[in-house]
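J.: So here's start_9.cif (mmCIF, C-alpha atoms).
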data_start
loop_
_atom_site.label_atom_id
_atom_site.label_comp_id
_atom_site.auth_asym_id
_atom_site.auth_seq_id
_atom_site.Cartn_x
_atom_site.Cartn_y
_atom_site.Cartn_z
CA MET A 161 -93.41 -27.73 -67.60
CA THR A 162 -91.32 -29.47 -64.99
CA LEU A 163 -88.14 -28.13 -63.46
CA ALA A 164 -86.09 -30.74 -65.30
CA ALA A 165 -87.70 -29.84 -68.63
CA ALA A 166 -87.19 -26.09 -68.09
CA THR A 167 -83.55 -26.69 -67.21
CA LEU A 168 -83.05 -28.96 -70.22
CA VAL A 169 -84.68 -26.49 -72.62
CA THR A 170 -82.48 -23.70 -71.28
CA GLY A 171 -79.38 -25.87 -71.68
CA LEU A 172 -80.28 -26.91 -75.22
CA ILE A 173 -80.90 -23.31 -76.30
CA LEU A 174 -77.49 -22.34 -74.93
CA ILE A 175 -75.82 -25.28 -76.67
CA VAL A 176 -77.37 -24.38 -80.03
CA LEU A 177 -76.34 -20.73 -79.66
CA GLY A 178 -72.82 -21.69 -78.58
CA VAL A 179 -72.38 -24.15 -81.45
CA ALA A 180 -73.53 -21.46 -83.89
CA PHE A 181 -70.67 -19.25 -82.73
CA LEU A 182 -68.22 -22.16 -82.64
CA THR A 183 -68.95 -23.25 -86.20
CA PRO A 184 -66.21 -21.98 -88.51
CA SER A 185 -68.52 -22.12 -91.55
CA SER A 186 -68.68 -18.89 -93.52
CA ALA A 187 -72.36 -19.59 -94.29
CA VAL A 188 -73.24 -19.64 -90.58
CA ARG A 189 -71.15 -16.54 -89.99
CA SER A 190 -72.81 -14.62 -92.82
CA TRP A 191 -76.27 -15.75 -91.65
CA LEU A 192 -75.53 -14.57 -88.10
CA GLN A 193 -74.25 -11.23 -89.35
CA ALA A 194 -77.28 -10.77 -91.60
CA PHE A 195 -79.72 -11.78 -88.85
CA PRO A 196 -80.32 -8.34 -87.25
CA ARG A 197 -81.72 -6.88 -90.47
CA SER A 198 -83.12 -10.07 -91.99
CA ARG A 199 -86.59 -9.44 -93.36
CA THR A 200 -87.49 -13.14 -93.28
CA MET A 201 -86.45 -13.53 -89.66
CA ALA A 202 -88.34 -10.34 -88.83
CA TYR A 203 -91.54 -11.81 -90.21
CA ILE A 204 -90.98 -15.09 -88.38
CA LEU A 205 -89.75 -13.82 -84.99
CA PHE A 206 -91.59 -10.52 -84.71
CA GLY A 207 -94.73 -12.11 -86.11
CA ALA A 208 -94.56 -14.97 -83.61
CA GLY A 209 -93.83 -12.54 -80.77
CA ALA A 210 -96.73 -10.31 -81.75
CA ILE A 211 -99.13 -13.25 -81.99
CA TRP A 212 -98.03 -14.58 -78.60
CA PHE A 213 -98.34 -11.12 -77.04
CA LEU A 214 -101.78 -10.56 -78.56
CA TYR A 215 -102.83 -13.99 -77.28
CA ARG A 216 -101.77 -12.95 -73.78
CA ILE A 217 -103.75 -9.71 -74.10
CA ALA A 218 -106.83 -11.58 -75.31
CA HIS A 219 -106.70 -13.70 -72.15
CA LEU A 220 -106.14 -10.97 -69.55
CA SER A 221 -108.01 -11.31 -66.28
CA ALA A 222 -110.10 -8.50 -64.83
CA ALA A 223 -107.26 -7.69 -62.43
CA ASP A 224 -104.91 -7.11 -65.37
CA PHE A 225 -106.98 -4.60 -67.36
CA GLY A 226 -109.17 -7.44 -68.64
CA ASP A 227 -112.08 -5.03 -68.96
CA TYR A 228 -110.12 -3.23 -71.67
CA ARG A 229 -109.03 -6.32 -73.59
CA ARG A 230 -110.59 -5.37 -76.89
CA PRO A 231 -109.13 -1.84 -77.15
CA LEU A 232 -105.73 -3.07 -75.97
CA PHE A 233 -105.81 -5.91 -78.47
CA VAL A 234 -106.71 -3.60 -81.36
CA PHE A 235 -104.11 -1.01 -80.32
CA PHE A 236 -101.24 -3.49 -80.03
CA ALA A 237 -102.27 -5.30 -83.21
CA LEU A 238 -102.09 -1.99 -85.08
CA VAL A 239 -98.73 -1.22 -83.50
CA ALA A 240 -97.36 -4.62 -84.56
CA ILE A 241 -98.60 -4.18 -88.14
CA ALA A 242 -97.30 -0.59 -88.29
CA ALA A 243 -93.87 -1.73 -87.08
CA PHE A 244 -93.34 -3.62 -90.33
CA LYS A 245 -94.09 -0.48 -92.34
CA PHE A 246 -92.58 2.33 -90.29
CA VAL A 247 -89.68 0.75 -88.34
CA PRO A 248 -88.56 -2.32 -90.31
CA ASP A 249 -84.91 -2.10 -89.19
CA PHE A 250 -83.82 -4.69 -86.63
CA LEU A 251 -87.31 -6.21 -86.27
CA ALA A 252 -85.71 -9.66 -86.16
CA VAL A 253 -83.81 -8.64 -83.03
CA ARG A 254 -86.90 -7.11 -81.47
CA GLY A 255 -88.90 -10.22 -82.29
CA ALA A 256 -86.29 -12.43 -80.64
CA CYS A 257 -86.38 -10.14 -77.59
CA ILE A 258 -90.17 -10.41 -77.40
CA LEU A 259 -89.96 -14.20 -77.53
CA VAL A 260 -87.28 -14.28 -74.82
CA LEU A 261 -89.31 -11.99 -72.56
CA LEU A 262 -92.52 -13.97 -73.02
CA GLY A 263 -90.79 -17.35 -72.79
CA GLY A 264 -88.78 -16.40 -69.71
CA SER A 265 -91.79 -16.72 -67.42
CA HIS A 266 -92.47 -20.24 -68.67
CA LEU A 267 -88.87 -21.23 -67.98
CA LEU A 268 -88.74 -19.61 -64.54
CA ASP A 269 -92.14 -20.75 -63.25
CA PRO A 270 -91.10 -24.38 -62.56
CA GLY A 271 -88.27 -23.20 -60.31
CA TYR A 272 -90.36 -20.68 -58.38
CA MET A 273 -90.59 -21.41 -54.65
CA VAL A 274 -88.90 -24.81 -54.99
CA TRP A 275 -87.56 -25.61 -51.54
CA GLU A 276 -87.34 -29.40 -51.56
CA TYR A 277 -83.70 -29.17 -52.59
CA GLY A 278 -82.39 -28.15 -49.20
CA GLU A 279 -78.63 -28.43 -49.59
CA LEU A 280 -76.58 -25.61 -50.99
CA THR A 281 -75.36 -27.76 -53.88
CA ASP A 282 -78.94 -28.60 -54.82
CA LEU A 283 -79.90 -24.92 -54.78
CA GLY A 284 -76.86 -24.22 -56.95
CA ARG A 285 -78.22 -26.59 -59.56
CA ILE A 286 -81.46 -24.65 -59.73
CA TYR A 287 -79.68 -21.31 -59.88
CA LEU A 288 -77.45 -22.50 -62.71
CA TYR A 289 -80.35 -22.41 -65.16
CA LYS A 290 -82.01 -19.40 -63.53
CA VAL A 291 -78.89 -17.30 -64.03
CA ALA A 292 -78.92 -18.12 -67.75
CA VAL A 293 -82.60 -17.17 -68.04
CA PHE A 294 -82.19 -13.92 -66.10
CA VAL A 295 -79.15 -12.93 -68.17
CA ALA A 296 -81.21 -13.61 -71.32
CA LEU A 297 -84.08 -11.51 -69.94
CA ALA A 298 -81.74 -8.62 -69.11
CA LEU A 299 -80.20 -8.80 -72.57
CA ALA A 300 -83.66 -8.92 -74.15
CA ILE A 301 -84.68 -5.74 -72.35
CA TYR A 302 -81.45 -3.98 -73.33
CA LEU A 303 -81.42 -5.21 -76.93
CA GLY A 304 -85.12 -4.55 -77.38
CA ALA A 305 -84.40 -0.89 -76.68
CA SER A 306 -81.12 -0.81 -78.65
CA PRO A 307 -81.30 -3.58 -81.26
CA PHE A 308 -78.42 -2.16 -83.29
CA ARG A 309 -76.12 -3.38 -80.51
CA VAL A 310 -76.52 -6.93 -81.85
CA ARG A 311 -75.01 -5.81 -85.14
CA ASP A 312 -72.19 -4.07 -83.27
CA PHE A 313 -71.59 -7.15 -81.11
CA LEU A 314 -71.44 -9.47 -84.12
CA GLU A 315 -69.02 -7.13 -85.90
CA TRP A 316 -66.82 -7.09 -82.79
CA LEU A 317 -67.13 -10.85 -82.35
CA TYR A 318 -65.96 -11.70 -85.85
CA ARG A 319 -63.28 -9.02 -86.08
CA LYS A 320 -60.73 -11.46 -84.60
CA PRO A 321 -61.06 -15.19 -85.40
CA GLY A 322 -60.59 -16.45 -81.83
CA ARG A 323 -63.34 -14.36 -80.25
CA ALA A 324 -66.27 -16.22 -81.76
CA ARG A 325 -64.81 -19.56 -80.70
CA LEU A 326 -64.12 -18.31 -77.19
CA VAL A 327 -67.62 -16.88 -76.72
CA GLY A 328 -69.22 -19.87 -78.42
CA GLY A 329 -67.21 -22.28 -76.30
CA PHE A 330 -68.25 -20.52 -73.10
CA ILE A 331 -71.93 -20.45 -74.06
CA ALA A 332 -71.92 -24.08 -75.25
CA GLY A 333 -70.02 -25.21 -72.15
CA TYR A 334 -72.48 -23.45 -69.87
CA GLY A 335 -75.32 -24.99 -71.86
CA ILE A 336 -73.83 -28.46 -71.45
CA ALA A 337 -73.50 -27.90 -67.70
CA VAL A 338 -77.14 -26.79 -67.50
CA ALA A 339 -78.30 -29.74 -69.62
CA VAL A 340 -76.38 -32.19 -67.43
CA VAL A 341 -77.90 -30.63 -64.31
CA SER A 342 -81.37 -31.22 -65.77
CA THR A 343 -80.79 -34.97 -65.49
CA THR A 344 -80.02 -34.78 -61.75
CA TYR A 345 -83.39 -33.61 -60.41
#
Have the structure of the file written as structure tokens, please.

T.:
Amino acid sequence: MTLAAATLVTGLILIVLGVAFLTPSSAVRSWLQAFPRSRTMAYILFGAGAIWFLYRIAHLSAADFGDYRRPLFVFFALVAIAAFKFVPDFLAVRGACILVLLGGSHLLDPGYMVWEYGELTDLGRIYLYKVAVFVALALAIYLGASPFRVRDFLEWLYRKPGRARLVGGFIAGYGIAVAVVSTTY
């Protein structure tokens, strides 16, 4: 992935998330509020996260416990399957967190050790998307440990009508800025 593509993907994700909060539709609002405990989204997101994680384990190098690939793979596959039976609450949130954590490296890799943009304004362009990715990674770590906080946040967000629009506007605006920056590399 190129730096421009990573920046554009980050911007588009932010725009979609911001527009979801900006949309006054009651259907979107009810879907967002049902998301943390959605069984369907749990199967999709947690399943995709588990498959991606197991793929990464299956391709470990010797330096990264590659000699123990098979036992690690079996152990984590059993943990993923058991999660659906023993801890089904908030698996959609945990699945989204897994995907953010695994996808973060793919978004940050293109900007790693990029020094050809020497001016401070050029570096600011790169950091604009990196800040969004690092904030998402920090939130994924926090929400992966306390997924019920997403439910609490959504309840707080929709308690007053203007909050969702304000948060959605900020996220969408930041996403537009990041997307525009992707065209300037």

J.: Let me make sure I understand: among A:Ile217, A:Ala164, A:Val169, A:Ala243, which one has the smallest atom-to-atom distance to Pro231 (chain A) if we use only C-alpha atoms?

T.: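 So, comparing all the options, the nearest one is A:Ile217.
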
J.: Using the chain letters and numbers from the file, give me the residues hit by the PyMOL selection byres ((chain A and resi 186-194) around 9), as an NGL selection string.

T.: :A and (180-181 or 183-185 or 195-198 or 310-311 or 314-315 or 318)

J.: Run the PyMOL selection byres ((chain A and resi 266) around 12) mentally over the shown coordinates, then write out the matched residues as a PDB file with C-alpha atoms, in the frame of the given file, using the chain letters and numbers from the document.

T.:
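File written: out00.pdb
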ATOM      1  CA  MET A 161     -93.410 -27.730 -67.600  1.00  0.00           C
ATOM      2  CA  THR A 162     -91.320 -29.470 -64.990  1.00  0.00           C
ATOM      3  CA  LEU A 163     -88.140 -28.130 -63.460  1.00  0.00           C
ATOM      4  CA  ALA A 165     -87.700 -29.840 -68.630  1.00  0.00           C
ATOM      5  CA  ALA A 166     -87.190 -26.090 -68.090  1.00  0.00           C
ATOM      6  CA  THR A 167     -83.550 -26.690 -67.210  1.00  0.00           C
ATOM      7  CA  VAL A 169     -84.680 -26.490 -72.620  1.00  0.00           C
ATOM      8  CA  THR A 170     -82.480 -23.700 -71.280  1.00  0.00           C
ATOM      9  CA  LEU A 259     -89.960 -14.200 -77.530  1.00  0.00           C
ATOM     10  CA  VAL A 260     -87.280 -14.280 -74.820  1.00  0.00           C
ATOM     11  CA  LEU A 261     -89.310 -11.990 -72.560  1.00  0.00           C
ATOM     12  CA  LEU A 262     -92.520 -13.970 -73.020  1.00  0.00           C
ATOM     13  CA  GLY A 263     -90.790 -17.350 -72.790  1.00  0.00           C
ATOM     14  CA  GLY A 264     -88.780 -16.400 -69.710  1.00  0.00           C
ATOM     15  CA  SER A 265     -91.790 -16.720 -67.420  1.00  0.00           C
ATOM     16  CA  LEU A 267     -88.870 -21.230 -67.980  1.00  0.00           C
ATOM     17  CA  LEU A 268     -88.740 -19.610 -64.540  1.00  0.00           C
ATOM     18  CA  ASP A 269     -92.140 -20.750 -63.250  1.00  0.00           C
ATOM     19  CA  PRO A 270     -91.100 -24.380 -62.560  1.00  0.00           C
ATOM     20  CA  GLY A 271     -88.270 -23.200 -60.310  1.00  0.00           C
ATOM     21  CA  TYR A 272     -90.360 -20.680 -58.380  1.00  0.00           C
ATOM     22  CA  LYS A 290     -82.010 -19.400 -63.530  1.00  0.00           C
ATOM     23  CA  VAL A 293     -82.600 -17.170 -68.040  1.00  0.00           C
TER      24      VAL A 293
END

J.: Using all atoms listed in the file, can you tell me which of A:Ala252, A:Leu232, A:Leu299, A:Ala202 comes closest to Arg216 (chain A)?

T.: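 Closest residue, counting all atoms listed in the file: A:Leu232.
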
J.: Skip Ala339 (chain A) itself and residues of its chain fewer than 3 positions away, then list as JSON, numbers by chain all residues within 10 Å of it, counting all atoms listed in the file.

T.: {"A": [164, 165, 166, 167, 168, 169, 170, 171, 172, 173, 174, 175, 289, 333, 334, 335, 336, 342, 343, 344]}

J.: Around the point (-102.1, -13.7, -74.3) (coordinates from the file), which residues reach within 12 Å if we count all atoms listed in the file? Answer as an NGL selection string.

T.: :A and (209-221 or 224 or 226 or 229 or 232-233 or 236 or 262-263)

J.: Taking into account only C-alpha atoms, which residue in the set A:Val234, A:Ile258, A:Val340, A:Met273 is nearest to Pro307 (chain A)?

T.: A:Ile258

J.: Export region 182-218 of chain A from the structure block above, keeping N, CA and C atoms, as a PDB file, in the first residue's frame.

T.:
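Wrote part-v7.pdb, looks like this:
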ATOM      1  N   LEU A 182     -23.725  11.726  11.790  1.00  0.00           N
ATOM      2  CA  LEU A 182     -24.427  12.917  11.315  1.00  0.00           C
ATOM      3  C   LEU A 182     -25.835  12.617  10.813  1.00  0.00           C
ATOM      4  N   THR A 183     -26.053  11.413  10.345  1.00  0.00           N
ATOM      5  CA  THR A 183     -27.335  11.047   9.754  1.00  0.00           C
ATOM      6  C   THR A 183     -28.444  11.080  10.806  1.00  0.00           C
ATOM      7  N   PRO A 184     -29.475  11.859  10.558  1.00  0.00           N
ATOM      8  CA  PRO A 184     -30.555  11.954  11.557  1.00  0.00           C
ATOM      9  C   PRO A 184     -31.537  10.788  11.505  1.00  0.00           C
ATOM     10  N   SER A 185     -31.311   9.816  10.657  1.00  0.00           N
ATOM     11  CA  SER A 185     -32.230   8.701  10.490  1.00  0.00           C
ATOM     12  C   SER A 185     -32.324   7.876  11.774  1.00  0.00           C
ATOM     13  N   SER A 186     -33.549   7.545  12.142  1.00  0.00           N
ATOM     14  CA  SER A 186     -33.741   6.722  13.340  1.00  0.00           C
ATOM     15  C   SER A 186     -33.272   5.286  13.099  1.00  0.00           C
ATOM     16  N   ALA A 187     -33.288   4.840  11.840  1.00  0.00           N
ATOM     17  CA  ALA A 187     -32.807   3.486  11.531  1.00  0.00           C
ATOM     18  C   ALA A 187     -31.305   3.382  11.767  1.00  0.00           C
ATOM     19  N   VAL A 188     -30.561   4.401  11.344  1.00  0.00           N
ATOM     20  CA  VAL A 188     -29.109   4.404  11.561  1.00  0.00           C
ATOM     21  C   VAL A 188     -28.806   4.494  13.049  1.00  0.00           C
ATOM     22  N   ARG A 189     -29.552   5.346  13.720  1.00  0.00           N
ATOM     23  CA  ARG A 189     -29.348   5.502  15.166  1.00  0.00           C
ATOM     24  C   ARG A 189     -29.614   4.190  15.911  1.00  0.00           C
ATOM     25  N   SER A 190     -30.713   3.530  15.575  1.00  0.00           N
ATOM     26  CA  SER A 190     -31.024   2.269  16.263  1.00  0.00           C
ATOM     27  C   SER A 190     -30.011   1.183  15.909  1.00  0.00           C
ATOM     28  N   TRP A 191     -29.511   1.182  14.653  1.00  0.00           N
ATOM     29  CA  TRP A 191     -28.488   0.205  14.284  1.00  0.00           C
ATOM     30  C   TRP A 191     -27.204   0.456  15.069  1.00  0.00           C
ATOM     31  N   LEU A 192     -26.804   1.725  15.182  1.00  0.00           N
ATOM     32  CA  LEU A 192     -25.586   2.047  15.936  1.00  0.00           C
ATOM     33  C   LEU A 192     -25.733   1.660  17.407  1.00  0.00           C
ATOM     34  N   GLN A 193     -26.901   1.904  17.978  1.00  0.00           N
ATOM     35  CA  GLN A 193     -27.096   1.573  19.383  1.00  0.00           C
ATOM     36  C   GLN A 193     -27.208   0.071  19.612  1.00  0.00           C
ATOM     37  N   ALA A 194     -27.637  -0.665  18.610  1.00  0.00           N
ATOM     38  CA  ALA A 194     -27.714  -2.120  18.738  1.00  0.00           C
ATOM     39  C   ALA A 194     -26.393  -2.799  18.392  1.00  0.00           C
ATOM     40  N   PHE A 195     -25.473  -2.073  17.770  1.00  0.00           N
ATOM     41  CA  PHE A 195     -24.216  -2.654  17.304  1.00  0.00           C
ATOM     42  C   PHE A 195     -23.408  -3.376  18.387  1.00  0.00           C
ATOM     43  N   PRO A 196     -23.211  -2.803  19.578  1.00  0.00           N
ATOM     44  CA  PRO A 196     -22.335  -3.483  20.548  1.00  0.00           C
ATOM     45  C   PRO A 196     -22.757  -4.913  20.877  1.00  0.00           C
ATOM     46  N   ARG A 197     -24.032  -5.189  20.898  1.00  0.00           N
ATOM     47  CA  ARG A 197     -24.499  -6.538  21.243  1.00  0.00           C
ATOM     48  C   ARG A 197     -25.086  -7.289  20.053  1.00  0.00           C
ATOM     49  N   SER A 198     -24.854  -6.804  18.858  1.00  0.00           N
ATOM     50  CA  SER A 198     -25.394  -7.435  17.668  1.00  0.00           C
ATOM     51  C   SER A 198     -24.728  -8.783  17.424  1.00  0.00           C
ATOM     52  N   ARG A 199     -25.541  -9.806  17.361  1.00  0.00           N
ATOM     53  CA  ARG A 199     -25.023 -11.167  17.133  1.00  0.00           C
ATOM     54  C   ARG A 199     -24.480 -11.301  15.704  1.00  0.00           C
ATOM     55  N   THR A 200     -25.194 -10.716  14.747  1.00  0.00           N
ATOM     56  CA  THR A 200     -24.754 -10.778  13.351  1.00  0.00           C
ATOM     57  C   THR A 200     -23.414 -10.096  13.170  1.00  0.00           C
ATOM     58  N   MET A 201     -23.276  -8.894  13.722  1.00  0.00           N
ATOM     59  CA  MET A 201     -22.009  -8.174  13.602  1.00  0.00           C
ATOM     60  C   MET A 201     -20.898  -8.885  14.371  1.00  0.00           C
ATOM     61  N   ALA A 202     -21.250  -9.586  15.435  1.00  0.00           N
ATOM     62  CA  ALA A 202     -20.252 -10.362  16.168  1.00  0.00           C
ATOM     63  C   ALA A 202     -19.692 -11.464  15.292  1.00  0.00           C
ATOM     64  N   TYR A 203     -20.592 -12.174  14.602  1.00  0.00           N
ATOM     65  CA  TYR A 203     -20.121 -13.238  13.711  1.00  0.00           C
ATOM     66  C   TYR A 203     -19.254 -12.671  12.585  1.00  0.00           C
ATOM     67  N   ILE A 204     -19.664 -11.548  12.035  1.00  0.00           N
ATOM     68  CA  ILE A 204     -18.922 -10.963  10.914  1.00  0.00           C
ATOM     69  C   ILE A 204     -17.577 -10.408  11.388  1.00  0.00           C
ATOM     70  N   LEU A 205     -17.604  -9.504  12.367  1.00  0.00           N
ATOM     71  CA  LEU A 205     -16.387  -8.799  12.777  1.00  0.00           C
ATOM     72  C   LEU A 205     -15.445  -9.674  13.598  1.00  0.00           C
ATOM     73  N   PHE A 206     -15.987 -10.367  14.590  1.00  0.00           N
ATOM     74  CA  PHE A 206     -15.124 -11.217  15.406  1.00  0.00           C
ATOM     75  C   PHE A 206     -14.620 -12.401  14.584  1.00  0.00           C
ATOM     76  N   GLY A 207     -15.481 -12.928  13.727  1.00  0.00           N
ATOM     77  CA  GLY A 207     -15.048 -14.017  12.851  1.00  0.00           C
ATOM     78  C   GLY A 207     -13.935 -13.588  11.915  1.00  0.00           C
ATOM     79  N   ALA A 208     -14.097 -12.409  11.301  1.00  0.00           N
ATOM     80  CA  ALA A 208     -13.052 -11.900  10.405  1.00  0.00           C
ATOM     81  C   ALA A 208     -11.766 -11.607  11.172  1.00  0.00           C
ATOM     82  N   GLY A 209     -11.900 -11.032  12.359  1.00  0.00           N
ATOM     83  CA  GLY A 209     -10.717 -10.757  13.175  1.00  0.00           C
ATOM     84  C   GLY A 209     -10.009 -12.027  13.601  1.00  0.00           C
ATOM     85  N   ALA A 210     -10.767 -13.036  13.970  1.00  0.00           N
ATOM     86  CA  ALA A 210     -10.165 -14.313  14.373  1.00  0.00           C
ATOM     87  C   ALA A 210      -9.461 -14.979  13.199  1.00  0.00           C
ATOM     88  N   ILE A 211     -10.089 -14.956  12.036  1.00  0.00           N
ATOM     89  CA  ILE A 211      -9.460 -15.559  10.854  1.00  0.00           C
ATOM     90  C   ILE A 211      -8.177 -14.829  10.494  1.00  0.00           C
ATOM     91  N   TRP A 212      -8.210 -13.506  10.527  1.00  0.00           N
ATOM     92  CA  TRP A 212      -7.009 -12.727  10.205  1.00  0.00           C
ATOM     93  C   TRP A 212      -5.907 -12.997  11.227  1.00  0.00           C
ATOM     94  N   PHE A 213      -6.266 -13.057  12.498  1.00  0.00           N
ATOM     95  CA  PHE A 213      -5.281 -13.330  13.550  1.00  0.00           C
ATOM     96  C   PHE A 213      -4.697 -14.732  13.407  1.00  0.00           C
ATOM     97  N   LEU A 214      -5.545 -15.705  13.128  1.00  0.00           N
ATOM     98  CA  LEU A 214      -5.061 -17.077  12.940  1.00  0.00           C
ATOM     99  C   LEU A 214      -4.178 -17.180  11.693  1.00  0.00           C
ATOM    100  N   TYR A 215      -4.494 -16.419  10.674  1.00  0.00           N
ATOM    101  CA  TYR A 215      -3.638 -16.368   9.484  1.00  0.00           C
ATOM    102  C   TYR A 215      -2.250 -15.835   9.848  1.00  0.00           C
ATOM    103  N   ARG A 216      -2.235 -14.793  10.664  1.00  0.00           N
ATOM    104  CA  ARG A 216      -0.940 -14.226  11.089  1.00  0.00           C
ATOM    105  C   ARG A 216      -0.153 -15.239  11.921  1.00  0.00           C
ATOM    106  N   ILE A 217      -0.834 -15.996  12.774  1.00  0.00           N
ATOM    107  CA  ILE A 217      -0.154 -17.016  13.573  1.00  0.00           C
ATOM    108  C   ILE A 217       0.383 -18.125  12.677  1.00  0.00           C
ATOM    109  N   ALA A 218      -0.379 -18.515  11.680  1.00  0.00           N
ATOM    110  CA  ALA A 218       0.048 -19.590  10.783  1.00  0.00           C
ATOM    111  C   ALA A 218       1.288 -19.202   9.977  1.00  0.00           C
TER     112      ALA A 218
END
